[in-house]
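Text of run.txt (compact mmCIF, N, CA and C atoms) as supplied:
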```txt
# COMPACT_ATOMS: atom_id res chain seq x y z
N MET A 1 134.62 71.30 81.76
CA MET A 1 134.26 71.64 80.39
C MET A 1 133.14 72.68 80.40
N MET A 2 133.27 73.64 79.54
CA MET A 2 132.31 74.74 79.47
C MET A 2 130.99 74.26 78.87
N GLU A 3 129.90 74.66 79.48
CA GLU A 3 128.57 74.31 79.00
C GLU A 3 128.33 74.92 77.62
N ALA A 4 127.58 74.22 76.78
CA ALA A 4 127.33 74.66 75.40
C ALA A 4 126.69 76.04 75.35
N THR A 5 125.76 76.33 76.26
CA THR A 5 125.10 77.63 76.26
C THR A 5 126.08 78.74 76.63
N GLN A 6 127.01 78.46 77.55
CA GLN A 6 128.03 79.45 77.93
C GLN A 6 128.97 79.73 76.75
N LYS A 7 129.34 78.69 76.01
CA LYS A 7 130.17 78.88 74.81
C LYS A 7 129.45 79.76 73.80
N LEU A 8 128.16 79.50 73.64
CA LEU A 8 127.36 80.27 72.70
C LEU A 8 127.29 81.73 73.13
N ARG A 9 127.15 81.98 74.42
CA ARG A 9 127.12 83.35 74.94
C ARG A 9 128.43 84.07 74.61
N ILE A 10 129.56 83.41 74.85
CA ILE A 10 130.87 84.01 74.54
C ILE A 10 130.99 84.27 73.04
N PHE A 11 130.54 83.32 72.24
CA PHE A 11 130.56 83.47 70.78
C PHE A 11 129.80 84.72 70.36
N PHE A 12 128.56 84.88 70.85
CA PHE A 12 127.74 86.01 70.42
C PHE A 12 128.25 87.35 70.98
N ILE A 13 128.87 87.34 72.14
CA ILE A 13 129.48 88.57 72.65
C ILE A 13 130.62 88.99 71.73
N ALA A 14 131.46 88.03 71.35
CA ALA A 14 132.58 88.33 70.45
C ALA A 14 132.08 88.81 69.08
N ILE A 15 131.09 88.12 68.53
CA ILE A 15 130.56 88.50 67.22
C ILE A 15 129.90 89.87 67.29
N PHE A 16 129.20 90.15 68.38
CA PHE A 16 128.58 91.46 68.54
C PHE A 16 129.65 92.56 68.55
N GLY A 17 130.70 92.38 69.34
CA GLY A 17 131.77 93.38 69.43
C GLY A 17 132.47 93.61 68.10
N TRP A 18 132.78 92.53 67.42
CA TRP A 18 133.45 92.62 66.13
C TRP A 18 132.55 93.31 65.11
N SER A 19 131.29 92.93 65.11
CA SER A 19 130.34 93.53 64.16
C SER A 19 130.11 95.01 64.44
N LEU A 20 130.10 95.38 65.70
CA LEU A 20 129.92 96.79 66.05
C LEU A 20 131.06 97.63 65.50
N PHE A 21 132.28 97.12 65.61
CA PHE A 21 133.44 97.82 65.08
C PHE A 21 133.32 98.02 63.56
N PHE A 22 133.02 96.93 62.84
CA PHE A 22 132.94 97.03 61.38
C PHE A 22 131.68 97.76 60.91
N TRP A 23 130.60 97.71 61.70
CA TRP A 23 129.41 98.49 61.37
C TRP A 23 129.74 99.98 61.45
N ALA A 24 130.46 100.37 62.52
CA ALA A 24 130.84 101.78 62.68
C ALA A 24 131.76 102.22 61.54
N TRP A 25 132.66 101.35 61.14
CA TRP A 25 133.56 101.65 60.03
C TRP A 25 132.76 101.86 58.74
N ALA A 26 131.79 100.97 58.50
CA ALA A 26 130.95 101.10 57.29
C ALA A 26 130.13 102.39 57.35
N LEU A 27 129.65 102.73 58.53
CA LEU A 27 128.89 103.97 58.69
C LEU A 27 129.78 105.17 58.40
N LYS A 28 131.01 105.12 58.89
CA LYS A 28 131.99 106.19 58.62
C LYS A 28 132.23 106.31 57.12
N ASN A 29 132.37 105.19 56.42
CA ASN A 29 132.55 105.22 54.97
C ASN A 29 131.34 105.83 54.27
N THR A 30 130.16 105.49 54.76
CA THR A 30 128.93 106.00 54.15
C THR A 30 128.79 107.50 54.34
N ILE A 31 129.11 107.95 55.53
CA ILE A 31 129.00 109.38 55.83
C ILE A 31 130.07 110.16 55.07
N GLY A 32 131.20 109.52 54.82
CA GLY A 32 132.26 110.17 54.04
C GLY A 32 133.29 110.87 54.90
N MET A 33 133.36 110.51 56.17
CA MET A 33 134.35 111.13 57.07
C MET A 33 135.75 110.62 56.73
N ASP A 34 136.74 111.47 56.96
CA ASP A 34 138.16 111.10 56.80
C ASP A 34 138.46 110.44 55.46
N GLY A 35 137.96 111.01 54.40
CA GLY A 35 138.28 110.49 53.08
C GLY A 35 137.39 109.35 52.63
N GLY A 36 136.34 109.02 53.40
CA GLY A 36 135.41 107.98 52.96
C GLY A 36 134.72 108.42 51.68
N SER A 37 134.19 107.50 50.96
CA SER A 37 133.61 107.79 49.65
C SER A 37 132.31 108.57 49.75
N GLY A 38 131.62 108.45 50.86
CA GLY A 38 130.33 109.10 50.98
C GLY A 38 129.22 108.34 50.28
N GLU A 39 129.55 107.19 49.67
CA GLU A 39 128.55 106.33 49.04
C GLU A 39 128.11 105.29 50.07
N PHE A 40 126.93 104.71 49.86
CA PHE A 40 126.41 103.74 50.82
C PHE A 40 127.30 102.51 50.88
N ASP A 41 127.73 102.15 52.07
CA ASP A 41 128.52 100.94 52.31
C ASP A 41 127.54 99.87 52.80
N LEU A 42 127.41 98.80 52.04
CA LEU A 42 126.47 97.73 52.37
C LEU A 42 126.78 97.10 53.73
N GLY A 43 127.97 97.32 54.25
CA GLY A 43 128.32 96.82 55.58
C GLY A 43 127.44 97.41 56.67
N VAL A 44 126.90 98.61 56.44
CA VAL A 44 125.97 99.19 57.41
C VAL A 44 124.78 98.26 57.59
N LEU A 45 124.29 97.73 56.50
CA LEU A 45 123.15 96.83 56.55
C LEU A 45 123.55 95.43 56.99
N SER A 46 124.59 94.86 56.38
CA SER A 46 124.94 93.47 56.69
C SER A 46 125.42 93.32 58.14
N PHE A 47 126.31 94.20 58.59
CA PHE A 47 126.76 94.12 59.99
C PHE A 47 125.63 94.51 60.94
N GLY A 48 124.74 95.37 60.47
CA GLY A 48 123.57 95.71 61.29
C GLY A 48 122.70 94.50 61.58
N THR A 49 122.54 93.62 60.59
CA THR A 49 121.74 92.41 60.83
C THR A 49 122.41 91.50 61.85
N VAL A 50 123.74 91.46 61.83
CA VAL A 50 124.47 90.65 62.81
C VAL A 50 124.33 91.27 64.20
N LEU A 51 124.38 92.58 64.29
CA LEU A 51 124.20 93.24 65.59
C LEU A 51 122.82 92.91 66.17
N VAL A 52 121.80 92.97 65.34
CA VAL A 52 120.44 92.68 65.80
C VAL A 52 120.32 91.21 66.21
N SER A 53 120.78 90.31 65.36
CA SER A 53 120.63 88.88 65.67
C SER A 53 121.46 88.48 66.89
N SER A 54 122.66 89.03 67.02
CA SER A 54 123.50 88.72 68.19
C SER A 54 122.86 89.24 69.47
N SER A 55 122.33 90.45 69.42
CA SER A 55 121.66 91.02 70.59
C SER A 55 120.47 90.16 71.00
N TYR A 56 119.69 89.75 70.02
CA TYR A 56 118.52 88.93 70.30
C TYR A 56 118.93 87.59 70.91
N MET A 57 119.95 86.97 70.33
CA MET A 57 120.41 85.67 70.85
C MET A 57 120.97 85.82 72.26
N LEU A 58 121.70 86.89 72.53
CA LEU A 58 122.22 87.12 73.89
C LEU A 58 121.08 87.29 74.88
N GLY A 59 120.00 87.95 74.47
CA GLY A 59 118.84 88.10 75.34
C GLY A 59 118.19 86.77 75.64
N ILE A 60 118.07 85.93 74.64
CA ILE A 60 117.47 84.60 74.85
C ILE A 60 118.35 83.76 75.77
N ILE A 61 119.65 83.81 75.54
CA ILE A 61 120.57 83.04 76.39
C ILE A 61 120.49 83.55 77.83
N ALA A 62 120.45 84.86 78.01
CA ALA A 62 120.37 85.45 79.36
C ALA A 62 119.08 85.06 80.08
N SER A 63 118.02 84.83 79.32
CA SER A 63 116.74 84.44 79.93
C SER A 63 116.79 83.02 80.48
N GLY A 64 117.82 82.27 80.09
CA GLY A 64 117.94 80.89 80.54
C GLY A 64 117.01 79.94 79.81
N ASN A 65 116.44 80.39 78.72
CA ASN A 65 115.45 79.58 78.01
C ASN A 65 115.86 79.39 76.55
N PHE A 66 117.12 79.06 76.33
CA PHE A 66 117.61 78.91 74.95
C PHE A 66 117.16 77.60 74.31
N ALA A 67 117.03 76.56 75.09
CA ALA A 67 116.78 75.22 74.54
C ALA A 67 115.65 75.17 73.50
N PRO A 68 114.51 75.85 73.73
CA PRO A 68 113.45 75.74 72.72
C PRO A 68 113.56 76.74 71.57
N ALA A 69 114.73 77.34 71.40
CA ALA A 69 114.88 78.33 70.31
C ALA A 69 114.45 77.70 68.98
N SER A 70 113.69 78.43 68.23
CA SER A 70 113.11 77.90 67.00
C SER A 70 114.15 77.75 65.89
N LYS A 71 113.83 76.87 64.96
CA LYS A 71 114.69 76.70 63.79
C LYS A 71 114.75 78.00 62.99
N LEU A 72 113.63 78.70 62.90
CA LEU A 72 113.60 79.96 62.17
C LEU A 72 114.59 80.95 62.77
N LEU A 73 114.62 81.04 64.08
CA LEU A 73 115.55 81.95 64.75
C LEU A 73 117.00 81.56 64.47
N LYS A 74 117.32 80.28 64.54
CA LYS A 74 118.68 79.81 64.25
C LYS A 74 119.05 80.10 62.79
N HIS A 75 118.11 79.85 61.89
CA HIS A 75 118.38 80.10 60.47
C HIS A 75 118.53 81.59 60.19
N ALA A 76 117.69 82.42 60.79
CA ALA A 76 117.79 83.86 60.57
C ALA A 76 119.12 84.40 61.09
N THR A 77 119.55 83.90 62.24
CA THR A 77 120.83 84.33 62.79
C THR A 77 121.97 83.91 61.88
N THR A 78 121.92 82.69 61.40
CA THR A 78 122.96 82.19 60.48
C THR A 78 122.93 82.98 59.17
N CYS A 79 121.74 83.31 58.69
CA CYS A 79 121.63 84.10 57.46
C CYS A 79 122.27 85.48 57.63
N SER A 80 122.21 86.05 58.82
CA SER A 80 122.87 87.35 59.02
C SER A 80 124.38 87.22 58.84
N HIS A 81 124.94 86.09 59.29
CA HIS A 81 126.38 85.86 59.11
C HIS A 81 126.72 85.62 57.64
N VAL A 82 125.87 84.88 56.96
CA VAL A 82 126.08 84.61 55.54
C VAL A 82 125.94 85.90 54.73
N PHE A 83 125.04 86.78 55.14
CA PHE A 83 124.87 88.08 54.47
C PHE A 83 126.19 88.85 54.49
N VAL A 84 126.88 88.84 55.63
CA VAL A 84 128.18 89.52 55.71
C VAL A 84 129.17 88.86 54.75
N ALA A 85 129.18 87.52 54.71
CA ALA A 85 130.09 86.81 53.80
C ALA A 85 129.81 87.17 52.35
N LEU A 86 128.54 87.24 51.99
CA LEU A 86 128.19 87.61 50.62
C LEU A 86 128.57 89.05 50.31
N ASN A 87 128.44 89.92 51.29
CA ASN A 87 128.85 91.32 51.11
C ASN A 87 130.36 91.38 50.84
N TYR A 88 131.13 90.58 51.57
CA TYR A 88 132.57 90.55 51.32
C TYR A 88 132.88 89.96 49.94
N LEU A 89 132.10 88.96 49.50
CA LEU A 89 132.32 88.43 48.14
C LEU A 89 132.06 89.50 47.09
N LEU A 90 131.02 90.28 47.30
CA LEU A 90 130.76 91.40 46.39
C LEU A 90 131.93 92.38 46.42
N GLY A 91 132.45 92.64 47.61
CA GLY A 91 133.61 93.52 47.74
C GLY A 91 134.82 92.97 47.01
N SER A 92 135.00 91.65 47.05
CA SER A 92 136.15 91.06 46.34
C SER A 92 136.00 91.24 44.84
N TYR A 93 134.78 91.06 44.33
CA TYR A 93 134.54 91.28 42.91
C TYR A 93 134.86 92.74 42.53
N ILE A 94 134.36 93.65 43.33
CA ILE A 94 134.61 95.08 43.07
C ILE A 94 136.11 95.38 43.17
N GLY A 95 136.75 94.81 44.19
CA GLY A 95 138.18 95.05 44.37
C GLY A 95 139.03 94.56 43.22
N PHE A 96 138.71 93.36 42.73
CA PHE A 96 139.50 92.78 41.63
C PHE A 96 139.17 93.39 40.28
N THR A 97 137.91 93.69 40.02
CA THR A 97 137.52 94.09 38.67
C THR A 97 137.29 95.60 38.51
N VAL A 98 136.51 96.19 39.38
CA VAL A 98 136.15 97.59 39.22
C VAL A 98 137.27 98.51 39.69
N LEU A 99 137.74 98.28 40.91
CA LEU A 99 138.78 99.15 41.48
C LEU A 99 140.19 98.75 41.05
N GLU A 100 140.32 97.52 40.60
CA GLU A 100 141.64 96.96 40.26
C GLU A 100 142.61 97.11 41.41
N ARG A 101 142.13 96.73 42.60
CA ARG A 101 142.94 96.74 43.82
C ARG A 101 142.97 95.32 44.37
N PRO A 102 143.93 94.50 43.92
CA PRO A 102 143.96 93.10 44.33
C PRO A 102 144.14 92.91 45.85
N GLY A 103 144.81 93.82 46.50
CA GLY A 103 144.98 93.72 47.95
C GLY A 103 143.63 93.77 48.65
N PHE A 104 142.78 94.70 48.22
CA PHE A 104 141.44 94.81 48.78
C PHE A 104 140.61 93.58 48.43
N GLY A 105 140.75 93.10 47.19
CA GLY A 105 140.03 91.90 46.77
C GLY A 105 140.40 90.69 47.62
N LEU A 106 141.69 90.52 47.90
CA LEU A 106 142.14 89.40 48.73
C LEU A 106 141.65 89.53 50.17
N TYR A 107 141.68 90.75 50.69
CA TYR A 107 141.14 91.02 52.03
C TYR A 107 139.68 90.57 52.09
N CYS A 108 138.90 90.92 51.08
CA CYS A 108 137.48 90.57 51.06
C CYS A 108 137.27 89.06 50.91
N VAL A 109 138.10 88.39 50.11
CA VAL A 109 137.99 86.94 49.97
C VAL A 109 138.26 86.27 51.32
N ALA A 110 139.32 86.72 52.01
CA ALA A 110 139.67 86.14 53.30
C ALA A 110 138.55 86.33 54.32
N PHE A 111 137.99 87.53 54.38
CA PHE A 111 136.94 87.79 55.35
C PHE A 111 135.63 87.11 54.97
N SER A 112 135.41 86.89 53.70
CA SER A 112 134.23 86.13 53.29
C SER A 112 134.34 84.70 53.82
N GLY A 113 135.51 84.10 53.66
CA GLY A 113 135.73 82.76 54.19
C GLY A 113 135.59 82.71 55.70
N LEU A 114 136.11 83.73 56.37
CA LEU A 114 136.01 83.81 57.82
C LEU A 114 134.54 83.85 58.26
N TRP A 115 133.74 84.66 57.59
CA TRP A 115 132.33 84.78 57.96
C TRP A 115 131.53 83.53 57.62
N LEU A 116 131.91 82.81 56.58
CA LEU A 116 131.27 81.52 56.32
C LEU A 116 131.59 80.53 57.44
N GLY A 117 132.83 80.57 57.92
CA GLY A 117 133.21 79.74 59.07
C GLY A 117 132.45 80.13 60.33
N ILE A 118 132.27 81.42 60.54
CA ILE A 118 131.49 81.91 61.68
C ILE A 118 130.05 81.42 61.57
N ALA A 119 129.49 81.47 60.37
CA ALA A 119 128.12 81.00 60.17
C ALA A 119 128.00 79.52 60.50
N TYR A 120 128.95 78.74 60.03
CA TYR A 120 128.93 77.29 60.30
C TYR A 120 129.08 77.02 61.80
N TYR A 121 130.06 77.65 62.41
CA TYR A 121 130.30 77.42 63.84
C TYR A 121 129.10 77.86 64.67
N GLY A 122 128.54 79.03 64.36
CA GLY A 122 127.39 79.53 65.09
C GLY A 122 126.19 78.62 64.97
N TYR A 123 125.91 78.16 63.76
CA TYR A 123 124.76 77.27 63.55
C TYR A 123 124.95 75.96 64.31
N SER A 124 126.14 75.38 64.21
CA SER A 124 126.42 74.14 64.93
C SER A 124 126.30 74.34 66.43
N SER A 125 126.82 75.45 66.92
CA SER A 125 126.77 75.74 68.36
C SER A 125 125.34 75.92 68.84
N MET A 126 124.52 76.60 68.03
CA MET A 126 123.11 76.78 68.41
C MET A 126 122.40 75.44 68.46
N ASN A 127 122.69 74.55 67.52
CA ASN A 127 122.08 73.22 67.53
C ASN A 127 122.47 72.44 68.78
N VAL A 128 123.75 72.48 69.14
CA VAL A 128 124.21 71.76 70.32
C VAL A 128 123.56 72.33 71.57
N ALA A 129 123.54 73.66 71.70
CA ALA A 129 123.01 74.31 72.90
C ALA A 129 121.51 74.08 73.05
N SER A 130 120.80 73.90 71.95
CA SER A 130 119.36 73.69 72.04
C SER A 130 118.99 72.21 72.07
N GLY A 131 119.99 71.36 72.09
CA GLY A 131 119.72 69.93 72.15
C GLY A 131 119.31 69.33 70.82
N GLY A 132 119.60 70.04 69.74
CA GLY A 132 119.19 69.59 68.42
C GLY A 132 120.20 68.72 67.72
N GLY A 133 121.22 68.28 68.41
CA GLY A 133 122.22 67.43 67.78
C GLY A 133 123.21 68.24 66.98
N GLY A 134 123.86 67.59 66.03
CA GLY A 134 124.85 68.27 65.19
C GLY A 134 126.05 68.70 66.01
N SER A 135 126.59 67.78 66.80
CA SER A 135 127.66 68.14 67.73
C SER A 135 128.87 68.72 67.02
N LEU A 136 129.54 69.58 67.74
CA LEU A 136 130.75 70.20 67.21
C LEU A 136 131.88 69.19 67.18
N SER A 137 132.83 69.43 66.32
CA SER A 137 133.98 68.52 66.22
C SER A 137 134.87 68.67 67.44
N GLU A 138 135.81 67.74 67.56
CA GLU A 138 136.78 67.80 68.66
C GLU A 138 137.68 69.03 68.55
N HIS A 139 137.68 69.70 67.40
CA HIS A 139 138.54 70.84 67.18
C HIS A 139 137.85 72.15 67.54
N ASP A 140 136.87 72.09 68.43
CA ASP A 140 136.12 73.26 68.85
C ASP A 140 137.08 74.27 69.47
N PRO A 141 137.21 75.47 68.87
CA PRO A 141 138.17 76.45 69.38
C PRO A 141 137.79 77.01 70.74
N LEU A 142 136.56 76.82 71.18
CA LEU A 142 136.16 77.35 72.48
C LEU A 142 136.20 76.30 73.57
N SER A 143 136.72 75.11 73.26
CA SER A 143 136.83 74.05 74.27
C SER A 143 137.85 74.46 75.31
N GLY A 144 137.59 74.10 76.51
CA GLY A 144 138.52 74.47 77.59
C GLY A 144 139.19 73.30 78.20
```
The structure given in the file should be rewritten as structure tokens.
Amino acid sequence: MMEATQKLRIFFIAIFGWSLFFWAWALKNTIGMDGGSGEFDLGVLSFGTVLVSSSYMLGIIASGNFAPASKLLKHATTCSHVFVALNYLLGSYIGFTVLERPGFGLYCVAFSGLWLGIAYYGYSSMNVASGGGGSLSEHDPLSG
């Protein structure tokens, strides 16, 4: 069975990679390349917070000293994931009402739910890895 800290490392590597892709996409939209609007895409900020928090968590895990990670650090990391979810909720509102593009609105609703799940899983995993309880369910997708 994979150690909780190793699972957390894999989780943050995956989240970092995924966030980097969508951060670059948001930056492209902001700059206005290839038909982008040229208006500020809040994803630059929200995915940026996930990039920072994931990098920081990977550094702590690599140091081998994750167990005493503070509650503030765990909450700040989780808040970065929730920030992305809220950004997608805003996008769904804009998609359904302002742009009248239901396909985009549904995409944003789905990804908002996904990021809320990521926030929950990440927070639970950080608690387990730091010895703070809150064990993950038997349906842990990273179980081996």
- Spatial neighbours of region 116-118 of chain A, max dist 7 Å, all atoms listed in the file, sep filter under 6 positions, as a PyMOL selection string: chain A and resi 81-82+84-85
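Here atom N of Tyr56 (chain A) and atom C of Ser130 (chain A) stand 17.7 Å from one another.
The space separating atom N of Phe47 (chain A) from atom N of Tyr121 (chain A) comes to 17.4 Å.
Rounded to one decimal, CA of Tyr88 (chain A) and CA of Phe40 (chain A) lie 14.6 Å from each other.
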Step one, run DSSP on the backbone; step two, keep only residues of region 7-103 of chain A assigned to alpha helix (DSSP H); then write them as a short mmCIF file (atom, residue, chain, number, x, y, z; two decimals) with N, CA and C atoms, keeping the file's coordinate frame.
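Result file follows (result.cif):
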```cif
data_model
loop_
_atom_site.label_atom_id
_atom_site.label_comp_id
_atom_site.auth_asym_id
_atom_site.auth_seq_id
_atom_site.Cartn_x
_atom_site.Cartn_y
_atom_site.Cartn_z
N LYS A 7 129.34 78.69 76.01
CA LYS A 7 130.17 78.88 74.81
C LYS A 7 129.45 79.76 73.80
N LEU A 8 128.16 79.50 73.64
CA LEU A 8 127.36 80.27 72.70
C LEU A 8 127.29 81.73 73.13
N ARG A 9 127.15 81.98 74.42
CA ARG A 9 127.12 83.35 74.94
C ARG A 9 128.43 84.07 74.61
N ILE A 10 129.56 83.41 74.85
CA ILE A 10 130.87 84.01 74.54
C ILE A 10 130.99 84.27 73.04
N PHE A 11 130.54 83.32 72.24
CA PHE A 11 130.56 83.47 70.78
C PHE A 11 129.80 84.72 70.36
N PHE A 12 128.56 84.88 70.85
CA PHE A 12 127.74 86.01 70.42
C PHE A 12 128.25 87.35 70.98
N ILE A 13 128.87 87.34 72.14
CA ILE A 13 129.48 88.57 72.65
C ILE A 13 130.62 88.99 71.73
N ALA A 14 131.46 88.03 71.35
CA ALA A 14 132.58 88.33 70.45
C ALA A 14 132.08 88.81 69.08
N ILE A 15 131.09 88.12 68.53
CA ILE A 15 130.56 88.50 67.22
C ILE A 15 129.90 89.87 67.29
N PHE A 16 129.20 90.15 68.38
CA PHE A 16 128.58 91.46 68.54
C PHE A 16 129.65 92.56 68.55
N GLY A 17 130.70 92.38 69.34
CA GLY A 17 131.77 93.38 69.43
C GLY A 17 132.47 93.61 68.10
N TRP A 18 132.78 92.53 67.42
CA TRP A 18 133.45 92.62 66.13
C TRP A 18 132.55 93.31 65.11
N SER A 19 131.29 92.93 65.11
CA SER A 19 130.34 93.53 64.16
C SER A 19 130.11 95.01 64.44
N LEU A 20 130.10 95.38 65.70
CA LEU A 20 129.92 96.79 66.05
C LEU A 20 131.06 97.63 65.50
N PHE A 21 132.28 97.12 65.61
CA PHE A 21 133.44 97.82 65.08
C PHE A 21 133.32 98.02 63.56
N PHE A 22 133.02 96.93 62.84
CA PHE A 22 132.94 97.03 61.38
C PHE A 22 131.68 97.76 60.91
N TRP A 23 130.60 97.71 61.70
CA TRP A 23 129.41 98.49 61.37
C TRP A 23 129.74 99.98 61.45
N ALA A 24 130.46 100.37 62.52
CA ALA A 24 130.84 101.78 62.68
C ALA A 24 131.76 102.22 61.54
N TRP A 25 132.66 101.35 61.14
CA TRP A 25 133.56 101.65 60.03
C TRP A 25 132.76 101.86 58.74
N ALA A 26 131.79 100.97 58.50
CA ALA A 26 130.95 101.10 57.29
C ALA A 26 130.13 102.39 57.35
N LEU A 27 129.65 102.73 58.53
CA LEU A 27 128.89 103.97 58.69
C LEU A 27 129.78 105.17 58.40
N LYS A 28 131.01 105.12 58.89
CA LYS A 28 131.99 106.19 58.62
C LYS A 28 132.23 106.31 57.12
N ASN A 29 132.37 105.19 56.42
CA ASN A 29 132.55 105.22 54.97
C ASN A 29 131.34 105.83 54.27
N THR A 30 130.16 105.49 54.76
CA THR A 30 128.93 106.00 54.15
C THR A 30 128.79 107.50 54.34
N ILE A 31 129.11 107.95 55.53
CA ILE A 31 129.00 109.38 55.83
C ILE A 31 130.07 110.16 55.07
N GLY A 43 127.97 97.32 54.25
CA GLY A 43 128.32 96.82 55.58
C GLY A 43 127.44 97.41 56.67
N VAL A 44 126.90 98.61 56.44
CA VAL A 44 125.97 99.19 57.41
C VAL A 44 124.78 98.26 57.59
N LEU A 45 124.29 97.73 56.50
CA LEU A 45 123.15 96.83 56.55
C LEU A 45 123.55 95.43 56.99
N SER A 46 124.59 94.86 56.38
CA SER A 46 124.94 93.47 56.69
C SER A 46 125.42 93.32 58.14
N PHE A 47 126.31 94.20 58.59
CA PHE A 47 126.76 94.12 59.99
C PHE A 47 125.63 94.51 60.94
N GLY A 48 124.74 95.37 60.47
CA GLY A 48 123.57 95.71 61.29
C GLY A 48 122.70 94.50 61.58
N THR A 49 122.54 93.62 60.59
CA THR A 49 121.74 92.41 60.83
C THR A 49 122.41 91.50 61.85
N VAL A 50 123.74 91.46 61.83
CA VAL A 50 124.47 90.65 62.81
C VAL A 50 124.33 91.27 64.20
N LEU A 51 124.38 92.58 64.29
CA LEU A 51 124.20 93.24 65.59
C LEU A 51 122.82 92.91 66.17
N VAL A 52 121.80 92.97 65.34
CA VAL A 52 120.44 92.68 65.80
C VAL A 52 120.32 91.21 66.21
N SER A 53 120.78 90.31 65.36
CA SER A 53 120.63 88.88 65.67
C SER A 53 121.46 88.48 66.89
N SER A 54 122.66 89.03 67.02
CA SER A 54 123.50 88.72 68.19
C SER A 54 122.86 89.24 69.47
N SER A 55 122.33 90.45 69.42
CA SER A 55 121.66 91.02 70.59
C SER A 55 120.47 90.16 71.00
N TYR A 56 119.69 89.75 70.02
CA TYR A 56 118.52 88.93 70.30
C TYR A 56 118.93 87.59 70.91
N MET A 57 119.95 86.97 70.33
CA MET A 57 120.41 85.67 70.85
C MET A 57 120.97 85.82 72.26
N LEU A 58 121.70 86.89 72.53
CA LEU A 58 122.22 87.12 73.89
C LEU A 58 121.08 87.29 74.88
N GLY A 59 120.00 87.95 74.47
CA GLY A 59 118.84 88.10 75.34
C GLY A 59 118.19 86.77 75.64
N ILE A 60 118.07 85.93 74.64
CA ILE A 60 117.47 84.60 74.85
C ILE A 60 118.35 83.76 75.77
N ILE A 61 119.65 83.81 75.54
CA ILE A 61 120.57 83.04 76.39
C ILE A 61 120.49 83.55 77.83
N ALA A 62 120.45 84.86 78.01
CA ALA A 62 120.37 85.45 79.36
C ALA A 62 119.08 85.06 80.08
N LYS A 71 113.83 76.87 64.96
CA LYS A 71 114.69 76.70 63.79
C LYS A 71 114.75 78.00 62.99
N LEU A 72 113.63 78.70 62.90
CA LEU A 72 113.60 79.96 62.17
C LEU A 72 114.59 80.95 62.77
N LEU A 73 114.62 81.04 64.08
CA LEU A 73 115.55 81.95 64.75
C LEU A 73 117.00 81.56 64.47
N LYS A 74 117.32 80.28 64.54
CA LYS A 74 118.68 79.81 64.25
C LYS A 74 119.05 80.10 62.79
N HIS A 75 118.11 79.85 61.89
CA HIS A 75 118.38 80.10 60.47
C HIS A 75 118.53 81.59 60.19
N ALA A 76 117.69 82.42 60.79
CA ALA A 76 117.79 83.86 60.57
C ALA A 76 119.12 84.40 61.09
N THR A 77 119.55 83.90 62.24
CA THR A 77 120.83 84.33 62.79
C THR A 77 121.97 83.91 61.88
N THR A 78 121.92 82.69 61.40
CA THR A 78 122.96 82.19 60.48
C THR A 78 122.93 82.98 59.17
N CYS A 79 121.74 83.31 58.69
CA CYS A 79 121.63 84.10 57.46
C CYS A 79 122.27 85.48 57.63
N SER A 80 122.21 86.05 58.82
CA SER A 80 122.87 87.35 59.02
C SER A 80 124.38 87.22 58.84
N HIS A 81 124.94 86.09 59.29
CA HIS A 81 126.38 85.86 59.11
C HIS A 81 126.72 85.62 57.64
N VAL A 82 125.87 84.88 56.96
CA VAL A 82 126.08 84.61 55.54
C VAL A 82 125.94 85.90 54.73
N PHE A 83 125.04 86.78 55.14
CA PHE A 83 124.87 88.08 54.47
C PHE A 83 126.19 88.85 54.49
N VAL A 84 126.88 88.84 55.63
CA VAL A 84 128.18 89.52 55.71
C VAL A 84 129.17 88.86 54.75
N ALA A 85 129.18 87.52 54.71
CA ALA A 85 130.09 86.81 53.80
C ALA A 85 129.81 87.17 52.35
N LEU A 86 128.54 87.24 51.99
CA LEU A 86 128.19 87.61 50.62
C LEU A 86 128.57 89.05 50.31
N ASN A 87 128.44 89.92 51.29
CA ASN A 87 128.85 91.32 51.11
C ASN A 87 130.36 91.38 50.84
N TYR A 88 131.13 90.58 51.57
CA TYR A 88 132.57 90.55 51.32
C TYR A 88 132.88 89.96 49.94
N LEU A 89 132.10 88.96 49.50
CA LEU A 89 132.32 88.43 48.14
C LEU A 89 132.06 89.50 47.09
N LEU A 90 131.02 90.28 47.30
CA LEU A 90 130.76 91.40 46.39
C LEU A 90 131.93 92.38 46.42
N GLY A 91 132.45 92.64 47.61
CA GLY A 91 133.61 93.52 47.74
C GLY A 91 134.82 92.97 47.01
N SER A 92 135.00 91.65 47.05
CA SER A 92 136.15 91.06 46.34
C SER A 92 136.00 91.24 44.84
N TYR A 93 134.78 91.06 44.33
CA TYR A 93 134.54 91.28 42.91
C TYR A 93 134.86 92.74 42.53
N PRO A 102 143.93 94.50 43.92
CA PRO A 102 143.96 93.10 44.33
C PRO A 102 144.14 92.91 45.85
N GLY A 103 144.81 93.82 46.50
CA GLY A 103 144.98 93.72 47.95
C GLY A 103 143.63 93.77 48.65
#
```
Compile a residue-level contact table for region 51-90 of chain A against region 8-20 of chain A at a cut-off of 12 Å, reporting for every qualifying residue the shortest atom pair and its distance in Å to one decimal, with only C-alpha atoms counted, rows ordered by chain and ascending number, as CSV.
```
residue,atom,partner,partner_atom,distance
A:Leu51,CA,A:Phe16,CA,5.6
A:Val52,CA,A:Phe16,CA,8.7
A:Ser53,CA,A:Phe16,CA,8.8
A:Ser54,CA,A:Phe12,CA,5.5
A:Ser55,CA,A:Phe16,CA,7.2
A:Tyr56,CA,A:Phe12,CA,9.7
A:Met57,CA,A:Phe12,CA,7.4
A:Leu58,CA,A:Arg9,CA,6.3
A:Gly59,CA,A:Arg9,CA,9.6
A:Ile60,CA,A:Arg9,CA,9.7
A:Ile61,CA,A:Arg9,CA,6.7
A:Ala62,CA,A:Arg9,CA,8.3
A:Ser63,CA,A:Arg9,CA,11.6
A:Gly64,CA,A:Arg9,CA,11.0
A:Phe66,CA,A:Leu8,CA,10.1
A:Ala67,CA,A:Leu8,CA,11.9
A:Thr77,CA,A:Phe12,CA,10.4
A:Thr78,CA,A:Phe12,CA,11.7
A:Ser80,CA,A:Ser19,CA,11.0
A:His81,CA,A:Ile15,CA,9.5
A:Val84,CA,A:Ser19,CA,9.6
```
